[in-house]
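Engineer: Enclosed is the structure file target_0.csv (CSV, C-alpha atoms).
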```csv
chain,number,residue,atom,x,y,z
A,236,MET,CA,-13.4,-26.7,20.3
A,237,LYS,CA,-14.0,-23.1,21.1
A,238,LYS,CA,-11.8,-20.5,19.4
A,239,THR,CA,-10.0,-18.3,21.8
A,240,LYS,CA,-10.9,-14.6,21.3
A,241,THR,CA,-8.0,-12.2,21.2
A,242,TYR,CA,-8.1,-8.5,22.1
A,243,MET,CA,-7.9,-7.7,18.4
A,244,ASP,CA,-11.1,-9.8,17.8
A,245,LYS,CA,-12.8,-7.6,20.5
A,246,LEU,CA,-11.5,-4.4,18.9
A,247,MET,CA,-12.6,-5.4,15.4
A,248,LYS,CA,-16.2,-5.7,16.6
A,249,ASN,CA,-16.2,-1.9,17.0
A,250,LYS,CA,-17.3,-0.5,13.7
A,251,GLU,CA,-15.4,2.8,14.1
A,252,PHE,CA,-12.2,1.0,15.0
A,253,ARG,CA,-12.6,-1.5,12.2
A,254,GLU,CA,-13.1,1.3,9.6
A,255,LYS,CA,-10.0,3.1,10.8
A,256,PHE,CA,-8.0,-0.1,10.9
A,257,ASP,CA,-9.0,-1.0,7.4
A,258,GLU,CA,-8.0,2.5,6.1
A,259,GLU,CA,-4.6,2.3,7.8
A,260,TYR,CA,-4.1,-1.2,6.4
A,261,LYS,CA,-4.7,0.0,2.9
A,262,ASN,CA,-2.1,2.7,3.3
A,263,ILE,CA,0.4,0.3,4.6
A,264,CYS,CA,-0.2,-2.0,1.7
A,265,ILE,CA,0.3,0.7,-0.9
A,266,GLY,CA,3.5,1.9,0.6
A,267,GLU,CA,4.8,-1.7,1.0
A,268,HIS,CA,3.9,-2.5,-2.6
A,269,ILE,CA,5.8,0.5,-3.9
A,270,ALA,CA,8.9,-0.3,-1.8
A,271,ARG,CA,8.7,-4.0,-2.9
A,272,ILE,CA,8.5,-3.2,-6.7
A,273,ARG,CA,11.3,-0.6,-6.2
A,274,HIS,CA,13.5,-3.2,-4.6
A,275,ARG,CA,12.7,-5.8,-7.2
A,276,ALA,CA,13.8,-3.3,-9.9
A,277,ASN,CA,17.0,-2.8,-7.9
A,278,LEU,CA,16.3,1.0,-7.6
A,279,THR,CA,17.1,3.3,-4.8
A,280,GLN,CA,14.5,6.0,-3.9
A,281,ASP,CA,16.8,8.5,-5.6
A,282,ALA,CA,17.0,6.5,-8.8
A,283,LEU,CA,13.3,5.9,-8.9
A,284,ALA,CA,12.7,9.6,-8.3
A,285,LYS,CA,14.9,10.5,-11.3
A,286,ARG,CA,13.1,8.0,-13.5
A,287,THR,CA,9.7,9.4,-12.5
A,288,HIS,CA,10.7,13.0,-12.6
A,289,THR,CA,10.0,13.7,-8.9
A,290,THR,CA,12.0,14.0,-5.7
A,291,LYS,CA,13.5,11.3,-3.4
A,292,SER,CA,11.3,12.8,-0.6
A,293,ALA,CA,8.2,12.2,-2.7
A,294,ILE,CA,9.1,8.6,-3.2
A,295,SER,CA,9.8,8.3,0.5
A,296,ARG,CA,6.4,9.8,1.3
A,297,TYR,CA,4.7,7.3,-1.0
A,298,GLU,CA,6.4,4.4,0.8
A,299,ASN,CA,5.3,5.8,4.2
A,300,SER,CA,2.2,4.2,5.7
A,301,ASP,CA,1.0,7.6,7.0
A,302,TYR,CA,0.7,9.1,3.5
A,303,LYS,CA,-2.8,9.4,2.1
A,304,SER,CA,-2.7,11.6,-1.0
A,305,TYR,CA,-1.5,9.3,-3.7
A,306,SER,CA,-1.9,10.5,-7.3
A,307,ILE,CA,-2.7,8.0,-10.1
A,308,PRO,CA,-0.3,9.7,-12.6
A,309,LEU,CA,2.6,9.3,-10.2
A,310,LEU,CA,1.6,5.8,-9.2
A,311,ASN,CA,1.6,5.0,-13.0
A,312,ARG,CA,5.1,6.5,-13.5
A,313,ILE,CA,6.4,4.5,-10.5
A,314,ALA,CA,4.9,1.3,-11.8
A,315,GLU,CA,6.3,1.9,-15.3
A,316,ALA,CA,9.8,2.8,-13.9
A,317,CYS,CA,9.8,-0.4,-11.9
A,318,GLY,CA,8.7,-2.5,-14.9
A,319,THR,CA,5.2,-3.2,-13.6
A,320,VAL,CA,1.7,-2.1,-14.4
A,321,LEU,CA,-0.6,-0.3,-11.9
A,322,LYS,CA,-3.8,-2.2,-11.4
A,323,ILE,CA,-6.7,-0.7,-9.4
A,324,ASP,CA,-9.4,-3.0,-8.4
A,325,PHE,CA,-12.8,-2.5,-6.7
A,326,VAL,CA,-13.7,-5.2,-4.3
A,327,THR,CA,-17.1,-5.8,-2.6
A,328,LYS,CA,-17.1,-4.7,1.0
A,329,GLY,CA,-16.7,-7.6,3.4
A,330,THR,CA,-14.4,-9.5,1.1
A,331,LYS,CA,-11.5,-10.7,3.3
A,332,LYS,CA,-9.2,-12.0,0.5
A,333,VAL,CA,-6.2,-9.7,-0.1
A,334,LYS,CA,-4.0,-10.5,-3.0
A,335,GLU,CA,-0.3,-10.1,-2.1
A,336,LEU,CA,2.6,-9.6,-4.4
A,337,GLU,CA,4.8,-12.6,-4.7
```
What would you get if you wrote out this structure as structure tokens?

Structural biologist:
Amino acid sequence: MKKTKTYMDKLMKNKEFREKFDEEYKNICIGEHIARIRHRANLTQDALAKRTHTTKSAISRYENSDYKSYSIPLLNRIAEACGTVLKIDFVTKGTKKVKELE
């Protein structure tokens, strides 16, 4: 049985599009993970900002998928304030498996 190609399949064949898509996807994942651990810790953006010695707007930026200038020290403080540990992993290019938070 032949698999039906979608428009997205066609777009992903374009190397430039795929690279930009992958970069945006990474940014979305980081912001979503931050929001998820914050919610699990029952913290507002303001409360998390106070615990990490930053501003509410900084937390909001970090949770925004358009943000691209994350700092490891602040990510560590966010993780600690939410009762988690920051883990950075290098994955071989072409690996499709993405580990999601439960």

Engineer: Looking at A:Ser295, A:Thr327, A:Thr279, A:Thr287, which one is nearest to Pro308 in chain A, with distances taken over all atoms listed in the file?

Structural biologist: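 Going through A:Ser295, A:Thr327, A:Thr279, A:Thr287 one by one, the smallest distance to Pro308 in chain A is for A:Thr287.
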
Engineer: When you look at Leu309 in chain A with a cut-off of 12 Å (counting only C-alpha atoms), what residues show up, excluding the ones that are within fewer than 5 positions of it in the same chain? I need them as an NGL selection string.

Structural biologist: :A and (269 or 283-284 or 286-290 or 293-294 or 297 or 304 or 314-316 or 321)

Engineer: If we count only C-alpha atoms and set the cut-off at 10 Å, which residues sit around Ile323 in chain A, ignoring sequence neighbours fewer than 3 positions away in its own chain? Please answer as a ChimeraX atom specification.

Structural biologist: /A:307,320,326

Engineer: To one decimal place, how far is CA of Ile265 in chain A from CA of Asn249 in chain A in Å?

Structural biologist: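 According to the coordinates, CA of Ile265 in chain A and CA of Asn249 in chain A are separated by 24.5 Å.
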
Engineer: Excluding same-chain residues fewer than 4 positions from Arg271 in chain A, what lies within 10 Å of it counting only C-alpha atoms, as an MDAnalysis selection string?

Structural biologist: chainID A and resid 265:267 275:277 298 317 336:337

Engineer: To one decimal place, how far is CA of Asn311 in chain A from CA of Lys328 in chain A in Å?

Structural biologist: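 Between CA of Asn311 in chain A and CA of Lys328 in chain A the gap works out to 25.3 Å.
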
Engineer: If you measure from CA of Asn299 in chain A to CA of Asp244 in chain A, what distance in Å do you get, rounded to one decimal?

Structural biologist: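 Value for the CA of Asn299 in chain A-CA of Asp244 in chain A distance: 26.4 Å.
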
Engineer: With distances taken over only C-alpha atoms, which residue among A:Ile313, A:Tyr260, A:Ala282, A:Arg273 lies nearest Asp301 in chain A?

Structural biologist: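 Smallest separation from Asp301 in chain A among the options: A:Tyr260.
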